[in-house]
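Take a look at the structure below.
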Amino acid sequence: MLPWKRLLRPLAALLLTATVAVVPAATVAHASDAPSRGWNDWSCKPSAAHPRPVVLVHGTFANSVDNWLALAPYLENRDYCVFSFDYGQLSGVPLFYGLGPIDKSAEQLKTFVDKVLAATGAPETDLVGHSQGGLMPRYYFRFLGGAAKVNALVGIAPDNHGTTLSGITNLLPYFPGVQDLLTTNTPALADQVVGSPFLTKLNEGGDTVPGVKYTVLATRYDEVVTPYRSQFLSGSGVHNVLLQDLCPLDLSEHVAIGLFDRIAFHEVANALDPAHATATTCASALS
């Protein structure tokens with residue numbers, strides 16, 4: 001690993017920490033109900049150019065504001081109606097969400113999508129999710145009727161087939177009780193471990209369901225969802241993208257790809273409007 005790349009990862013983590021710290025708790029707690037920097041505007045009506053509202057689905061330990069401080073304005077400035085919400089809350093744990101059982105979080109997504117469609121009058125929405133946020137909607141599609149209400153899912157570094165956390169989770173069998181502790185205190189983490197009952201149920205019979213277009217954006221430097229190729233989906237309507245194939249200079253890891261990587265954001269825009277897609281290159285970082 002190049003020494004200068006090692007420096008980037010702590011900086012990305014520091015940025016996430018700083019972002020959480022500067023967002024007032026009240027703003028985060030009510031982000032789903034009030035406009036936030038131009039998104040979650042419940043009076044927004046989709047344009048003819050972009051007829052579907054976009055729902056942003058945050059990742060584990062994130063929330064509906066900090067995960068989207070860059071991408072939400074990026075899309076809103078491109079004339080999308082953009083919405084985000086909090087899910088997977090644990091009692092007594094403020095600010096950090098995406099921790100509850102993923103099947104229950106999918107039920108929260110179902111409720112929120114229905115709310116967005118009712119407010120905008122659109123028949124379908126598009127979803128963009130980071131990390132767990134790119135995985136969880138697939139449960140909504142397969143088991144909760146979501147495929148009829150969603151045109152496309154863009155997963156940014158999603159753990160579609162679970163993660164070994166660079167091999168750390170392989171140690172769980174050697175420490176009796178740790179798996180139970182994870183399940184009791186942070187069910188979403190246990191659900192995302194390779195081979196979990198949740199993932200076995202979700203992926204049984206194939207990765208995709210008919211009617212939904214899937215895009216997966218991955219980075220080879222992902223240190224959370226490992227190995228990174230496990231993020232990719234198989235099946236019809238799937239477009240798997242490795243950012244370094246588009247820009248070899250892109251050093252984003254798991255956090256950065258979702259928080260501020262405009263090369264990834266350009267691919268998100270392409271996936272949401274494929275009829276007007278343009279080539280993604282290193283120069284897309286300036287677009």
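In the structure tokens, chains take letters A, B, ... by order of appearance, with residues numbered from 1 within each chain and ligands from 1 in the order shown.
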Next on the checklist: Please identify the strand (DSSP E or B) residues within range 94-171 of chain A (assignment by DSSP from backbone atoms) and present them as a VMD selection string.
Outcome noted: chain A and resid 125 to 130 150 to 156 163
Checklist entry - Near Ala48 in chain A, counting only C-alpha atoms, which residues have an atom at most 12 Å away, once you skip same-chain residues fewer than 5 positions from it, shown as a list in words? => result Pro53, Asp79, Tyr80, Cys81, Ala122 and Asp273 of chain A
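Shell of Ser105 in chain A at 12 Å, with only C-alpha atoms counted and residues fewer than 5 places along the chain excluded, is Val57, His58, Gly59, Thr60, Phe85, Asp86, Tyr87, Gly88, Gln89, Leu90, Tyr97, Gly98, Leu99, Gly100, Lys110, Thr111, Phe112, Gln132, Gly133, Leu135, Met136, Pro137, Arg138, Tyr139, Tyr140, Leu144, Pro187, Ala188 and Asp191 of chain A.
Non-sequential neighbours of Leu199 in chain A (distance at most 12 Å, separation of 4 or more positions within a chain, only C-alpha atoms) are Pro101, Ile102, Asp103, Gln132, Leu135, Met136, Arg138, Tyr139, Asp159, Asn160, His161, Gly162, Thr163, Ala188, Leu189, Ala190, Asp191, Gln192, Val193, Val194, Gly195, Asn203, Glu204, Gly205, Gly206 and Asp207 of chain A.
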Would you mind listing what lies within 7 Å of Lys149 in chain A as a JSON list (two decimals) with C-alpha atoms, in the first residue's frame, with only C-alpha atoms counted and same-chain residues fewer than 5 positions away left out?
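File produced: out.json:
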[["chain", "number", "residue", "atom", "x", "y", "z"],
["A", 123, "PRO", "CA", -45.71, 6.23, -9.58],
["A", 124, "GLU", "CA", -42.12, 5.12, -8.91],
["A", 125, "THR", "CA", -38.99, 6.27, -7.15]]
Item to check | For Ile156 in chain A, the nearest of the candidates A:Arg78, A:His254, A:Lys201, A:Arg142, counting only C-alpha atoms | outcome: A:His254
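In this comparison, which uses only C-alpha atoms, the residue of A:Phe175, A:Tyr221, A:Phe143, A:Tyr214 approaching Leu249 in chain A most closely is A:Tyr221.
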Write out as a PDB file with N, CA, C and O atoms, in the first residue's frame which residues come within 9 Å of Ala264 in chain A when counting only C-alpha atoms, dropping same-chain ones fewer than 5 positions away.
ATOM      1  N   ILE A 156     -23.916   2.224  -3.459  1.00  0.00           N
ATOM      2  CA  ILE A 156     -22.557   2.740  -3.346  1.00  0.00           C
ATOM      3  C   ILE A 156     -21.852   1.932  -2.260  1.00  0.00           C
ATOM      4  O   ILE A 156     -22.206   2.011  -1.080  1.00  0.00           O
ATOM      5  N   LEU A 217     -21.638   0.542  -7.386  1.00  0.00           N
ATOM      6  CA  LEU A 217     -20.399   1.300  -7.491  1.00  0.00           C
ATOM      7  C   LEU A 217     -19.461   0.844  -6.379  1.00  0.00           C
ATOM      8  O   LEU A 217     -19.794   0.942  -5.193  1.00  0.00           O
ATOM      9  N   ALA A 218     -18.294   0.335  -6.755  1.00  0.00           N
ATOM     10  CA  ALA A 218     -17.341  -0.193  -5.780  1.00  0.00           C
ATOM     11  C   ALA A 218     -15.974   0.441  -5.974  1.00  0.00           C
ATOM     12  O   ALA A 218     -15.651   0.945  -7.053  1.00  0.00           O
ATOM     13  N   LEU A 243     -14.730   1.889  -9.633  1.00  0.00           N
ATOM     14  CA  LEU A 243     -14.344   3.281  -9.886  1.00  0.00           C
ATOM     15  C   LEU A 243     -12.967   3.399 -10.511  1.00  0.00           C
ATOM     16  O   LEU A 243     -12.734   4.264 -11.358  1.00  0.00           O
ATOM     17  N   ILE A 257     -16.194   7.163  -0.735  1.00  0.00           N
ATOM     18  CA  ILE A 257     -16.957   6.940  -1.963  1.00  0.00           C
ATOM     19  C   ILE A 257     -18.401   7.407  -1.816  1.00  0.00           C
ATOM     20  O   ILE A 257     -19.017   7.867  -2.776  1.00  0.00           O
ATOM     21  N   GLY A 258     -18.935   7.338  -0.602  1.00  0.00           N
ATOM     22  CA  GLY A 258     -20.307   7.769  -0.390  1.00  0.00           C
ATOM     23  C   GLY A 258     -20.442   9.205   0.050  1.00  0.00           C
ATOM     24  O   GLY A 258     -21.474   9.843  -0.185  1.00  0.00           O
ATOM     25  N   ALA A 269     -25.484   9.855 -11.117  1.00  0.00           N
ATOM     26  CA  ALA A 269     -26.315  10.636 -12.042  1.00  0.00           C
ATOM     27  C   ALA A 269     -26.543   9.875 -13.347  1.00  0.00           C
ATOM     28  O   ALA A 269     -27.653   9.902 -13.905  1.00  0.00           O
ATOM     29  N   THR A 280     -17.729   8.906 -17.583  1.00  0.00           N
ATOM     30  CA  THR A 280     -17.148   9.244 -16.288  1.00  0.00           C
ATOM     31  C   THR A 280     -15.634   9.050 -16.374  1.00  0.00           C
ATOM     32  O   THR A 280     -15.159   7.969 -16.718  1.00  0.00           O
ATOM     33  N   SER A 284     -14.368  14.054 -14.018  1.00  0.00           N
ATOM     34  CA  SER A 284     -15.698  14.151 -13.422  1.00  0.00           C
ATOM     35  C   SER A 284     -15.630  14.662 -11.986  1.00  0.00           C
ATOM     36  O   SER A 284     -16.641  15.128 -11.440  1.00  0.00           O
ATOM     37  N   ALA A 285     -14.460  14.573 -11.375  1.00  0.00           N
ATOM     38  CA  ALA A 285     -14.303  15.102 -10.015  1.00  0.00           C
ATOM     39  C   ALA A 285     -14.536  16.599  -9.969  1.00  0.00           C
ATOM     40  O   ALA A 285     -14.827  17.155  -8.897  1.00  0.00           O
TER      41      ALA A 285
END
